[in-house]
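One file, work_23.txt, carrying compact mmCIF, C-alpha atoms:
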# COMPACT_ATOMS: atom_id res chain seq x y z
CA MET A 28 0.00 0.00 0.00
CA LEU A 29 2.85 2.40 0.83
CA VAL A 30 4.61 1.74 -2.49
CA VAL A 31 1.49 2.20 -4.60
CA ALA A 32 0.49 5.36 -2.73
CA THR A 33 3.98 6.82 -3.13
CA LEU A 34 3.98 6.11 -6.87
CA GLY A 35 0.57 7.75 -7.17
CA PHE A 36 1.76 10.80 -5.29
CA ALA A 37 4.78 11.04 -7.60
CA VAL A 38 2.67 10.78 -10.77
CA ASN A 39 0.20 13.42 -9.57
CA PHE A 40 3.01 15.75 -8.53
CA TRP A 41 4.66 15.20 -11.90
CA ALA A 42 1.48 16.50 -13.51
CA TRP A 43 1.15 19.30 -10.97
CA ALA A 44 4.64 20.62 -11.85
CA LEU A 45 4.43 20.51 -15.65
CA LEU A 46 4.20 24.29 -16.12
CA SER A 47 7.19 25.27 -13.99
CA PRO A 48 10.02 24.08 -16.28
CA LEU A 49 8.30 25.75 -19.24
CA GLY A 50 7.89 29.09 -17.47
CA PRO A 51 10.91 30.76 -19.13
CA ARG A 52 9.82 29.45 -22.55
CA PHE A 53 6.30 30.81 -22.14
CA LYS A 54 7.74 34.11 -20.96
CA ASP A 55 9.78 34.47 -24.15
CA ASP A 56 7.13 33.10 -26.54
CA LEU A 57 4.20 35.06 -25.12
CA GLY A 58 6.09 38.18 -23.99
CA LEU A 59 5.15 37.76 -20.31
CA THR A 60 6.43 40.01 -17.54
CA SER A 61 8.32 38.52 -14.60
CA PHE A 62 5.19 38.85 -12.45
CA GLU A 63 3.00 37.14 -15.09
CA GLN A 64 5.50 34.29 -15.34
CA SER A 65 5.50 33.93 -11.55
CA LEU A 66 1.69 33.95 -11.52
CA LEU A 67 1.60 31.25 -14.19
CA VAL A 68 3.68 28.78 -12.18
CA ALA A 69 2.04 29.74 -8.88
CA VAL A 70 -1.64 29.20 -9.85
CA PRO A 71 -1.50 25.37 -9.80
CA VAL A 72 0.25 25.59 -6.44
CA VAL A 73 -2.44 27.64 -4.73
CA VAL A 74 -5.33 25.60 -6.19
CA GLY A 75 -3.67 22.32 -5.28
CA SER A 76 -3.04 23.65 -1.81
CA VAL A 77 -6.50 24.97 -1.00
CA GLY A 78 -8.02 21.86 -2.55
CA ARG A 79 -6.26 19.69 0.02
CA ILE A 80 -8.64 20.87 2.73
CA PRO A 81 -11.82 19.31 1.28
CA VAL A 82 -9.90 16.39 -0.25
CA GLY A 83 -8.33 15.52 3.13
CA ALA A 84 -11.74 15.59 4.80
CA MET A 85 -13.21 13.49 1.97
CA THR A 86 -10.41 10.96 2.45
CA ASP A 87 -11.38 10.59 6.11
CA ARG A 88 -14.93 9.90 4.89
CA PHE A 89 -14.44 7.77 1.76
CA GLY A 90 -10.89 6.42 2.13
CA GLY A 91 -7.83 6.49 -0.10
CA ARG A 92 -9.09 3.55 -2.17
CA VAL A 93 -11.79 5.82 -3.61
CA MET A 94 -9.98 9.17 -3.60
CA PHE A 95 -6.69 8.19 -5.26
CA PRO A 96 -8.26 6.91 -8.52
CA LEU A 97 -10.76 9.79 -8.53
CA VAL A 98 -8.20 12.58 -8.20
CA SER A 99 -5.78 10.95 -10.65
CA ALA A 100 -8.48 10.55 -13.29
CA ALA A 101 -9.68 14.14 -12.80
CA THR A 102 -6.14 15.49 -13.30
CA ILE A 103 -5.98 13.95 -16.78
CA VAL A 104 -8.43 16.56 -18.13
CA PRO A 105 -6.35 19.73 -17.51
CA VAL A 106 -3.15 17.92 -18.54
CA LEU A 107 -4.63 17.09 -21.96
CA TYR A 108 -6.12 20.56 -22.29
CA LEU A 109 -2.76 22.26 -21.67
CA GLY A 110 -0.90 19.94 -24.00
CA LEU A 111 -3.32 20.08 -26.92
CA TRP A 112 -5.03 23.47 -26.80
CA GLY A 113 -4.28 25.62 -23.77
CA HIS A 114 -0.71 26.86 -24.24
CA ASP A 115 -1.07 29.68 -26.79
CA SER A 116 -2.03 32.53 -24.43
CA LEU A 117 -1.62 33.56 -20.82
CA GLY A 118 -5.36 33.30 -20.22
CA ALA A 119 -5.55 29.75 -21.53
CA LEU A 120 -2.51 28.74 -19.48
CA LEU A 121 -4.01 30.20 -16.31
CA VAL A 122 -7.28 28.31 -16.86
CA GLY A 123 -5.39 25.05 -17.44
CA GLY A 124 -3.08 25.73 -14.51
CA PHE A 125 -6.06 26.33 -12.24
CA PHE A 126 -7.46 22.86 -12.87
CA LEU A 127 -3.99 21.33 -12.96
CA GLY A 128 -3.96 22.11 -9.25
CA ILE A 129 -6.18 19.06 -8.72
CA GLY A 130 -3.05 16.90 -8.93
CA GLY A 131 -1.55 18.70 -5.96
CA THR A 132 -4.36 17.52 -3.67
CA ALA A 133 -3.09 13.91 -3.81
CA PHE A 134 -0.88 14.61 -0.81
CA ALA A 135 -3.91 14.98 1.45
CA ILE A 136 -5.08 11.53 0.34
CA GLY A 137 -1.84 9.67 0.92
CA VAL A 138 -0.92 10.82 4.43
CA PRO A 139 -4.07 9.50 6.20
CA PHE A 140 -4.13 6.44 3.94
CA VAL A 141 -0.51 5.48 4.72
CA SER A 142 -0.71 6.51 8.37
CA ALA A 143 -3.56 4.09 9.02
CA TRP A 144 -1.43 1.13 7.87
CA PHE A 145 1.40 1.72 10.40
CA PRO A 146 1.71 1.81 14.20
CA PRO A 147 2.43 5.23 15.73
CA GLU A 148 6.13 4.55 16.33
CA ARG A 149 6.70 3.94 12.60
CA ARG A 150 4.46 6.59 11.11
CA GLY A 151 7.14 9.27 10.89
CA PHE A 152 9.27 7.12 8.59
CA ALA A 153 6.30 5.75 6.61
CA ILE A 154 4.87 9.20 5.94
CA GLY A 155 8.38 10.40 5.07
CA VAL A 156 8.69 7.63 2.48
CA PHE A 157 5.32 8.58 1.04
CA GLY A 158 6.38 12.22 1.02
CA ALA A 159 9.32 11.30 -1.21
CA GLY A 160 6.71 11.11 -3.95
CA MET A 161 7.13 14.87 -4.21
CA GLY A 162 10.05 13.84 -6.41
CA GLY A 163 7.48 13.84 -9.20
CA THR A 164 8.50 17.48 -9.60
CA ALA A 165 12.02 16.26 -10.43
CA ILE A 166 10.62 14.03 -13.18
CA SER A 167 8.95 17.08 -14.64
CA ALA A 168 12.11 19.18 -14.34
CA LEU A 169 14.31 16.58 -16.00
CA THR A 170 12.02 15.60 -18.86
CA THR A 171 9.58 18.37 -19.79
CA VAL A 172 11.91 20.77 -21.58
CA ARG A 173 13.73 17.97 -23.38
CA LEU A 174 10.49 16.39 -24.56
CA VAL A 175 9.18 19.73 -25.82
CA ASP A 176 12.43 20.44 -27.66
CA ALA A 177 12.45 16.98 -29.26
CA HIS A 178 8.79 16.33 -29.99
CA GLY A 179 6.75 19.49 -29.47
CA THR A 180 4.76 21.10 -26.67
CA ALA A 181 2.07 18.40 -26.46
CA ASN A 182 4.46 15.50 -25.89
CA PRO A 183 5.19 15.71 -22.12
CA PHE A 184 1.52 16.39 -21.39
CA LEU A 185 0.38 13.34 -23.35
CA ILE A 186 2.92 11.11 -21.58
CA THR A 187 1.87 12.41 -18.17
CA ALA A 188 -1.81 11.91 -18.98
CA ALA A 189 -1.07 8.30 -19.92
CA ALA A 190 0.80 7.76 -16.64
CA LEU A 191 -2.13 9.20 -14.69
CA ALA A 192 -4.56 6.92 -16.50
CA VAL A 193 -2.45 3.84 -15.75
CA PHE A 194 -2.20 4.75 -12.07
CA ALA A 195 -5.93 5.47 -11.81
CA VAL A 196 -6.68 1.95 -13.05
CA VAL A 197 -3.99 0.27 -10.93
CA SER A 198 -4.98 2.09 -7.76
CA ALA A 199 -8.65 1.24 -8.24
CA VAL A 200 -7.71 -2.45 -8.48
CA VAL A 201 -4.88 -2.71 -5.93
CA LEU A 202 -5.44 -0.21 -3.12
CA ARG A 203 -7.22 -1.25 0.06
CA ASP A 204 -7.96 0.90 3.09
CA ALA A 205 -6.43 -0.26 6.37
CA PRO A 206 -8.43 -2.84 8.33
CA GLY A 207 -10.65 -1.39 10.99
CA ARG A 208 -11.07 2.02 9.36
CA VAL A 209 -14.28 3.61 10.61
CA PRO A 210 -15.56 6.50 8.45
CA PRO A 211 -16.62 9.52 10.50
CA LYS A 212 -20.33 10.19 10.67
CA GLU A 213 -20.16 13.94 11.21
CA SER A 214 -20.73 16.33 8.33
CA LEU A 215 -17.80 17.78 6.40
CA GLY A 216 -18.39 21.21 7.91
CA ARG A 217 -18.38 19.94 11.50
CA ARG A 218 -15.22 17.91 10.95
CA LEU A 219 -13.41 20.86 9.42
CA ALA A 220 -14.52 23.11 12.27
CA ALA A 221 -13.26 20.57 14.81
CA THR A 222 -9.99 20.28 12.90
CA MET A 223 -9.42 24.01 12.99
CA ARG A 224 -9.89 24.01 16.77
CA LEU A 225 -7.03 21.55 17.31
CA PRO A 226 -3.82 23.36 18.36
CA VAL A 227 -1.71 20.98 16.26
CA THR A 228 -3.48 22.19 13.12
CA ALA A 229 -2.25 25.76 13.48
CA GLN A 230 1.19 24.74 14.75
CA ALA A 231 1.93 22.24 11.99
CA ALA A 232 0.38 24.49 9.34
CA ALA A 233 2.67 27.38 10.29
CA LEU A 234 5.77 25.18 10.12
CA TYR A 235 4.75 23.47 6.91
CA ALA A 236 4.07 26.83 5.27
CA VAL A 237 7.73 27.68 5.81
CA LEU A 238 9.34 24.29 5.16
CA PHE A 239 7.30 22.70 2.40
CA GLY A 240 6.34 26.14 1.15
CA GLY A 241 10.03 26.89 0.75
CA TYR A 242 10.54 23.65 -1.15
CA VAL A 243 7.60 24.33 -3.48
CA ALA A 244 8.72 27.91 -4.06
CA PHE A 245 12.22 26.84 -5.04
CA SER A 246 11.00 23.94 -7.14
CA VAL A 247 8.78 26.20 -9.25
CA TYR A 248 10.92 29.36 -9.28
CA LEU A 249 14.50 28.09 -9.22
CA PRO A 250 14.82 27.82 -13.04
CA THR A 251 13.80 31.46 -13.36
CA TYR A 252 16.10 32.49 -10.50
CA LEU A 253 19.12 30.71 -11.97
CA LYS A 254 18.50 32.11 -15.43
CA ASN A 255 18.19 35.69 -14.17
CA ALA A 256 20.83 35.65 -11.43
CA TYR A 257 23.47 33.50 -13.14
CA GLY A 258 22.60 33.59 -16.84
CA LEU A 259 22.13 29.83 -17.13
CA SER A 260 20.35 28.26 -20.06
CA GLN A 261 16.82 26.95 -19.59
CA THR A 262 17.99 23.33 -19.74
CA ASP A 263 20.89 23.86 -17.33
CA ALA A 264 18.65 25.73 -14.88
CA ALA A 265 16.03 22.95 -15.02
CA ASN A 266 18.70 20.30 -14.38
CA ARG A 267 20.01 22.16 -11.34
CA MET A 268 16.49 22.58 -10.03
CA ALA A 269 16.04 18.82 -10.41
CA GLY A 270 19.16 18.28 -8.27
CA PHE A 271 17.69 20.51 -5.57
CA VAL A 272 14.42 18.56 -5.70
CA LEU A 273 16.13 15.16 -5.52
CA VAL A 274 18.08 16.17 -2.41
CA ALA A 275 14.90 17.42 -0.73
CA VAL A 276 13.03 14.26 -1.72
CA ALA A 277 15.77 11.98 -0.39
CA MET A 278 15.86 13.82 2.93
CA ARG A 279 12.11 13.74 3.57
CA PRO A 280 11.99 10.10 4.77
CA VAL A 281 15.23 10.75 6.64
CA GLY A 282 13.50 13.59 8.47
CA GLY A 283 10.63 11.28 9.41
CA TRP A 284 13.01 8.51 10.50
CA LEU A 285 15.08 10.88 12.63
CA SER A 286 11.90 12.26 14.17
CA ASP A 287 10.87 8.75 15.25
CA ARG A 288 14.21 8.44 17.07
CA LEU A 289 15.28 11.93 18.13
CA GLY A 290 11.97 13.75 18.25
CA ALA A 291 10.24 15.95 15.70
CA THR A 292 11.08 19.15 17.55
CA ARG A 293 14.83 18.55 17.32
CA VAL A 294 14.68 17.77 13.62
CA LEU A 295 12.51 20.80 12.94
CA ALA A 296 14.85 23.10 14.87
CA ALA A 297 17.97 21.82 13.08
CA SER A 298 16.29 22.08 9.66
CA LEU A 299 15.17 25.66 10.18
CA ALA A 300 18.61 26.69 11.43
CA VAL A 301 20.18 25.38 8.22
CA VAL A 302 17.65 27.30 6.10
CA VAL A 303 18.47 30.53 7.95
CA VAL A 304 22.19 30.17 7.27
CA GLY A 305 21.73 29.05 3.66
CA ALA A 306 19.39 31.92 2.80
CA VAL A 307 21.75 34.51 4.30
CA VAL A 308 24.70 33.10 2.36
CA GLN A 309 22.77 32.96 -0.93
CA SER A 310 21.45 36.50 -0.53
CA ALA A 311 24.92 37.70 -1.55
CA THR A 312 24.61 35.78 -4.87
CA PRO A 313 27.93 33.93 -4.46
CA SER A 314 29.45 31.96 -7.31
CA LEU A 315 27.60 28.75 -8.05
CA ALA A 316 30.79 26.70 -7.77
CA PRO A 317 30.93 25.82 -4.97
CA VAL A 318 29.28 28.23 -2.51
CA GLY A 319 25.93 28.77 -4.23
CA THR A 320 25.52 25.08 -4.99
CA ILE A 321 26.31 24.12 -1.40
CA ALA A 322 23.89 26.73 -0.05
CA PHE A 323 21.03 25.56 -2.24
CA LEU A 324 21.62 21.85 -1.66
CA ALA A 325 21.87 22.42 2.10
CA MET A 326 18.59 24.31 2.06
CA GLY A 327 17.02 21.57 -0.07
CA ALA A 328 18.10 18.91 2.41
CA ALA A 329 16.83 20.95 5.36
CA LEU A 330 13.48 21.75 3.74
CA GLY A 331 12.97 18.07 2.87
CA ALA A 332 13.90 16.80 6.34
CA GLY A 333 11.81 19.49 8.02
CA SER A 334 8.79 18.66 5.87
CA GLY A 335 9.05 15.03 6.94
CA ALA A 336 9.41 16.05 10.58
CA THR A 337 6.29 18.22 10.39
CA PHE A 338 4.07 15.22 9.70
CA ALA A 339 5.89 13.19 12.32
CA LEU A 340 4.72 15.97 14.65
CA VAL A 341 1.17 15.54 13.34
CA ALA A 342 1.44 11.80 14.13
CA VAL A 343 2.32 12.73 17.73
CA LEU A 344 -0.39 15.31 18.31
CA ALA A 345 -3.36 14.69 15.97
CA PRO A 346 -6.21 12.27 16.79
CA ALA A 347 -6.06 9.27 14.45
CA GLU A 348 -9.62 9.73 13.20
CA MET A 349 -8.86 13.33 12.15
CA THR A 350 -5.51 12.76 10.43
CA GLY A 351 -6.92 13.35 6.96
CA SER A 352 -8.61 16.61 7.91
CA VAL A 353 -5.51 17.88 9.73
CA THR A 354 -3.33 16.81 6.79
CA GLY A 355 -5.57 18.70 4.39
CA VAL A 356 -5.28 21.95 6.30
CA VAL A 357 -1.55 21.56 6.95
CA GLY A 358 -0.91 20.56 3.34
CA ALA A 359 -2.88 23.58 2.16
CA ALA A 360 -0.73 25.84 4.31
CA GLY A 361 2.41 24.30 2.82
CA GLY A 362 1.23 24.84 -0.72
CA LEU A 363 0.09 28.39 0.01
CA GLY A 364 3.47 28.99 1.56
CA GLY A 365 4.90 28.08 -1.84
CA PHE A 366 2.48 30.34 -3.70
CA VAL A 367 3.59 33.63 -2.19
CA PRO A 368 7.42 33.54 -2.56
CA PRO A 369 7.54 33.24 -6.39
CA LEU A 370 5.29 36.31 -6.65
CA VAL A 371 7.42 38.17 -4.10
CA MET A 372 10.67 37.16 -5.79
CA GLY A 373 9.36 38.20 -9.21
CA GLY A 374 8.23 41.56 -7.87
CA ILE A 375 11.49 42.16 -6.00
CA TYR A 376 13.58 41.29 -9.05
CA SER A 377 11.51 43.62 -11.24
CA ALA A 378 11.99 46.45 -8.75
CA PHE A 379 15.64 45.97 -7.72
CA ASP A 380 17.16 43.70 -10.37
CA SER A 381 18.33 41.52 -7.45
CA TYR A 382 16.98 38.67 -5.33
CA ALA A 383 18.89 39.59 -2.14
CA VAL A 384 15.91 41.09 -0.31
CA GLY A 385 13.75 38.03 -1.04
CA LEU A 386 16.34 35.61 0.34
CA LEU A 387 16.85 37.72 3.44
CA LEU A 388 13.08 37.63 3.99
CA LEU A 389 13.29 33.83 3.84
CA ALA A 390 16.00 33.91 6.52
CA VAL A 391 13.90 36.14 8.78
CA VAL A 392 10.78 33.97 8.42
CA SER A 393 12.78 30.79 9.06
CA ALA A 394 14.35 32.32 12.17
CA ALA A 395 10.89 33.18 13.50
CA ALA A 396 9.75 29.60 12.81
CA LEU A 397 12.80 28.29 14.67
CA ALA A 398 11.89 30.35 17.73
CA PHE A 399 8.31 29.04 17.45
CA VAL A 400 9.54 25.42 17.48
CA LEU A 401 11.78 25.92 20.49
CA THR A 402 8.99 27.52 22.52
CA VAL A 403 5.35 26.92 21.57
CA VAL A 404 5.71 23.61 19.72
CA ARG A 405 8.02 22.04 22.25
CA ARG A 406 5.65 22.95 25.09
CA ALA A 407 2.68 21.54 23.16
CA VAL A 408 4.42 18.18 22.65
CA ALA A 409 5.43 18.07 26.32
CA ALA A 410 1.85 18.80 27.40
CA GLN A 411 0.50 16.07 25.10
CA GLN A 412 2.81 13.46 26.58
CA ALA A 413 2.03 14.53 30.13
CA GLY A 414 -1.74 14.28 29.58
CA PRO A 415 -4.01 11.22 29.73
CA GLY A 416 -4.47 8.99 26.71
CA SER A 417 -1.09 9.73 25.20
CA ARG A 418 -0.51 7.62 22.10
CA ARG A 419 3.15 8.22 21.50
CA THR A 420 6.13 9.85 23.14
CA ASP A 421 8.34 12.26 21.24
CA PRO A 422 11.90 11.20 22.11
CA ALA A 423 13.06 14.78 22.43
CA VAL A 424 10.50 15.35 25.18
CA ARG A 425 11.06 11.98 26.81
CA ARG A 426 14.74 12.80 27.25
In structure tokens, write the structure found in this file.
Amino acid sequence: MLVVATLGFAVNFWAWALLSPLGPRFKDDLGLTSFEQSLLVAVPVVVGSVGRIPVGAMTDRFGGRVMFPLVSAATIVPVLYLGLWGHDSLGALLVGGFFLGIGGTAFAIGVPFVSAWFPPERRGFAIGVFGAGMGGTAISALTTVRLVDAHGTANPFLITAAALAVFAVVSAVVLRDAPGRVPPKESLGRRLAATMRLPVTAQAAALYAVLFGGYVAFSVYLPTYLKNAYGLSQTDAANRMAGFVLVAVAMRPVGGWLSDRLGATRVLAASLAVVVVGAVVQSATPSLAPVGTIAFLAMGAALGAGSGATFALVAVLAPAEMTGSVTGVVGAAGGLGGFVPPLVMGGIYSAFDSYAVGLLLLAVVSAAALAFVLTVVRRAVAAQQAGPGSRRTDPAVRR
């Protein structure tokens, strides 16, 4: 179940990220401004993020066995539209990108689905492995531009649509919800209201907005950044972005595994500290070899590990029957956290012809998140373990 869910997450994220590598091409072909290019790659992010809230709640109700095939099949429609008809104007691209966001909601299906199959002490690692499916963005980065250059604009979209169709069929046949799953009887509105009242929802959402939001922002905007700041070609910039993504993907299960052993709060604190340092270093636009490359890869590793640790924290604090709803809200916050930075970076570059201010803002936000982890989040975990009915002990608190 974990393997199939992870593959499905990767395929849906592959579709979700199709527009990002082509952003510079669309900018040149359609004469877009930097802000319009940023808006183009950000629209699927915000739709996929907000959509996680109802999709997470629906997963609690109907289960991953129903929701995975449904979302995958629905994502085929905008993928085919963009590949065949919707890439000749900004308006058409924005319409296609809006519905392409459906693919980004798959995350809110997989976390509760996978979590239900594992005992609490292994959920951090299991959810981290599932989260590695975000490497679907690397597939897009490595293949989209090459396929367009070799076979035309429609080619990568047609291939992705075929992959989505195959997964939709396979998941409908293979996936099974965990034994003993009891669908909630409350209405969607009541469950969402109860979810929003949980302290862990706001705490994890704030952290995920910074950590996964930072990953999403870099994964969609890094090609543009590298082209403008360092004069790289579109293909070279996309390849380097793929390297950043692969490091983040590899570190996500590591972050979950370390959280199971050392405690989510420690992993979160270490990850945010690395992001602060990396962002400050990169704000000076050092040479790519080696300082810039090291700074970006270090931030990629930290953002990946911290994203995995965030859902290990959810496994500690969230009630099992509300995991999907909490995941939906937290996942939405992460995606929305990735929506804002590309717009800010595009606006800052247009105004100052430099990205330094944007990277320093990332450092400031990450430092604030670090202080939040060391105070509010740590106290919340300690209070959970001291109270009755505790399901799991965070090792950092236990020590």
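Counting all atoms listed in the file, the residue from A:Pro211, A:Gly333, A:Pro226, A:Pro313 that sits nearest to Thr292 of chain A is A:Gly333.
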TODO: Using only C-alpha atoms, pick whichever of A:Ala153, A:Met85, A:Val38, A:Met161 has the shortest atom-to-atom distance to Phe338 of chain A.
DONE: A:Ala153
TODO: List every protein, DNA or RNA residue that has at least one atom no more than 12 Å from (23.2, 20.6, 2.4) in the file's coordinates, counting only C-alpha atoms, and write the result as a PyMOL selection string.
DONE: chain A and resi 270-271+273-275+277-278+297-298+300-302+304-306+317-332
Output of the above residues as a compact mmCIF listing (two decimals), in the coordinates of the input, restricted to C-alpha atoms:
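Contents of result.txt, as written:
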# COMPACT_ATOMS: atom_id res chain seq x y z
CA GLY A 270 19.16 18.28 -8.27
CA PHE A 271 17.69 20.51 -5.57
CA LEU A 273 16.13 15.16 -5.52
CA VAL A 274 18.08 16.17 -2.41
CA ALA A 275 14.90 17.42 -0.73
CA ALA A 277 15.77 11.98 -0.39
CA MET A 278 15.86 13.82 2.93
CA ALA A 297 17.97 21.82 13.08
CA SER A 298 16.29 22.08 9.66
CA ALA A 300 18.61 26.69 11.43
CA VAL A 301 20.18 25.38 8.22
CA VAL A 302 17.65 27.30 6.10
CA VAL A 304 22.19 30.17 7.27
CA GLY A 305 21.73 29.05 3.66
CA ALA A 306 19.39 31.92 2.80
CA PRO A 317 30.93 25.82 -4.97
CA VAL A 318 29.28 28.23 -2.51
CA GLY A 319 25.93 28.77 -4.23
CA THR A 320 25.52 25.08 -4.99
CA ILE A 321 26.31 24.12 -1.40
CA ALA A 322 23.89 26.73 -0.05
CA PHE A 323 21.03 25.56 -2.24
CA LEU A 324 21.62 21.85 -1.66
CA ALA A 325 21.87 22.42 2.10
CA MET A 326 18.59 24.31 2.06
CA GLY A 327 17.02 21.57 -0.07
CA ALA A 328 18.10 18.91 2.41
CA ALA A 329 16.83 20.95 5.36
CA LEU A 330 13.48 21.75 3.74
CA GLY A 331 12.97 18.07 2.87
CA ALA A 332 13.90 16.80 6.34
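Counting all atoms listed in the file and comparing A:Leu185, A:Leu340, A:Val281, A:Met223, the residue that lies closest to Ala84 of chain A is A:Met223.
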If you take only C-alpha atoms and a cut-off of 10 Å, which residues of segment 214-289 of chain A touch segment 364-385 of chain A, and what are their nearest atom pairs and distances in Å to one decimal, in chain and number order, as a tab-separated table?
residue	atom	partner	partner_atom	distance
A:Ala232	CA	A:Gly364	CA	9.5
A:Ala233	CA	A:Gly364	CA	8.9
A:Leu234	CA	A:Gly364	CA	9.6
A:Tyr235	CA	A:Gly364	CA	7.8
A:Ala236	CA	A:Gly364	CA	4.3
A:Val237	CA	A:Gly364	CA	6.2
A:Leu238	CA	A:Gly364	CA	8.3
A:Phe239	CA	A:Gly365	CA	7.3
A:Gly240	CA	A:Gly365	CA	3.8
A:Gly241	CA	A:Gly365	CA	5.9
A:Tyr242	CA	A:Gly365	CA	7.2
A:Val243	CA	A:Gly365	CA	4.9
A:Ala244	CA	A:Gly365	CA	4.4
A:Phe245	CA	A:Pro369	CA	8.0
A:Ser246	CA	A:Gly365	CA	9.1
A:Val247	CA	A:Pro369	CA	7.7
A:Tyr248	CA	A:Pro369	CA	5.9
A:Leu249	CA	A:Pro369	CA	9.1
A:Thr251	CA	A:Gly373	CA	9.1
A:Tyr252	CA	A:Tyr382	CA	8.1
A:Asn255	CA	A:Tyr376	CA	8.9
A:Ala256	CA	A:Ser381	CA	7.5
Missing atoms in segment 361-372 of chain A need filling: write out N, CA, C and O atoms for it as a tab-separated table (two decimals), in the frame of the given file.
chain	number	residue	atom	x	y	z
A	361	GLY	N	1.12	24.48	3.48
A	361	GLY	CA	2.41	24.30	2.82
A	361	GLY	C	2.38	24.76	1.39
A	361	GLY	O	3.32	25.44	0.92
A	362	GLY	N	1.33	24.40	0.66
A	362	GLY	CA	1.23	24.84	-0.72
A	362	GLY	C	1.08	26.34	-0.84
A	362	GLY	O	1.68	26.98	-1.71
A	363	LEU	N	0.25	26.93	0.04
A	363	LEU	CA	0.09	28.39	0.01
A	363	LEU	C	1.40	29.09	0.37
A	363	LEU	O	1.70	30.16	-0.15
A	364	GLY	N	2.16	28.44	1.25
A	364	GLY	CA	3.47	28.99	1.56
A	364	GLY	C	4.38	29.00	0.34
A	364	GLY	O	5.28	29.84	0.24
A	365	GLY	N	4.13	28.09	-0.59
A	365	GLY	CA	4.90	28.08	-1.84
A	365	GLY	C	4.34	28.99	-2.89
A	365	GLY	O	5.02	29.30	-3.88
A	366	PHE	N	3.10	29.46	-2.72
A	366	PHE	CA	2.48	30.34	-3.70
A	366	PHE	C	3.02	31.77	-3.60
A	366	PHE	O	3.26	32.43	-4.62
A	367	VAL	N	3.22	32.23	-2.39
A	367	VAL	CA	3.59	33.63	-2.19
A	367	VAL	C	5.03	33.95	-2.63
A	367	VAL	O	5.26	34.94	-3.34
A	368	PRO	N	6.05	33.15	-2.24
A	368	PRO	CA	7.42	33.54	-2.56
A	368	PRO	C	7.72	33.77	-4.04
A	368	PRO	O	8.43	34.74	-4.36
A	369	PRO	N	7.24	32.93	-4.99
A	369	PRO	CA	7.54	33.24	-6.39
A	369	PRO	C	7.02	34.61	-6.82
A	369	PRO	O	7.68	35.32	-7.58
A	370	LEU	N	5.83	34.99	-6.31
A	370	LEU	CA	5.29	36.31	-6.65
A	370	LEU	C	6.15	37.41	-6.02
A	370	LEU	O	6.44	38.43	-6.66
A	371	VAL	N	6.56	37.18	-4.77
A	371	VAL	CA	7.42	38.17	-4.10
A	371	VAL	C	8.76	38.28	-4.80
A	371	VAL	O	9.26	39.39	-5.06
A	372	MET	N	9.36	37.14	-5.13
A	372	MET	CA	10.67	37.16	-5.79
A	372	MET	C	10.58	37.84	-7.15
A	372	MET	O	11.47	38.61	-7.54
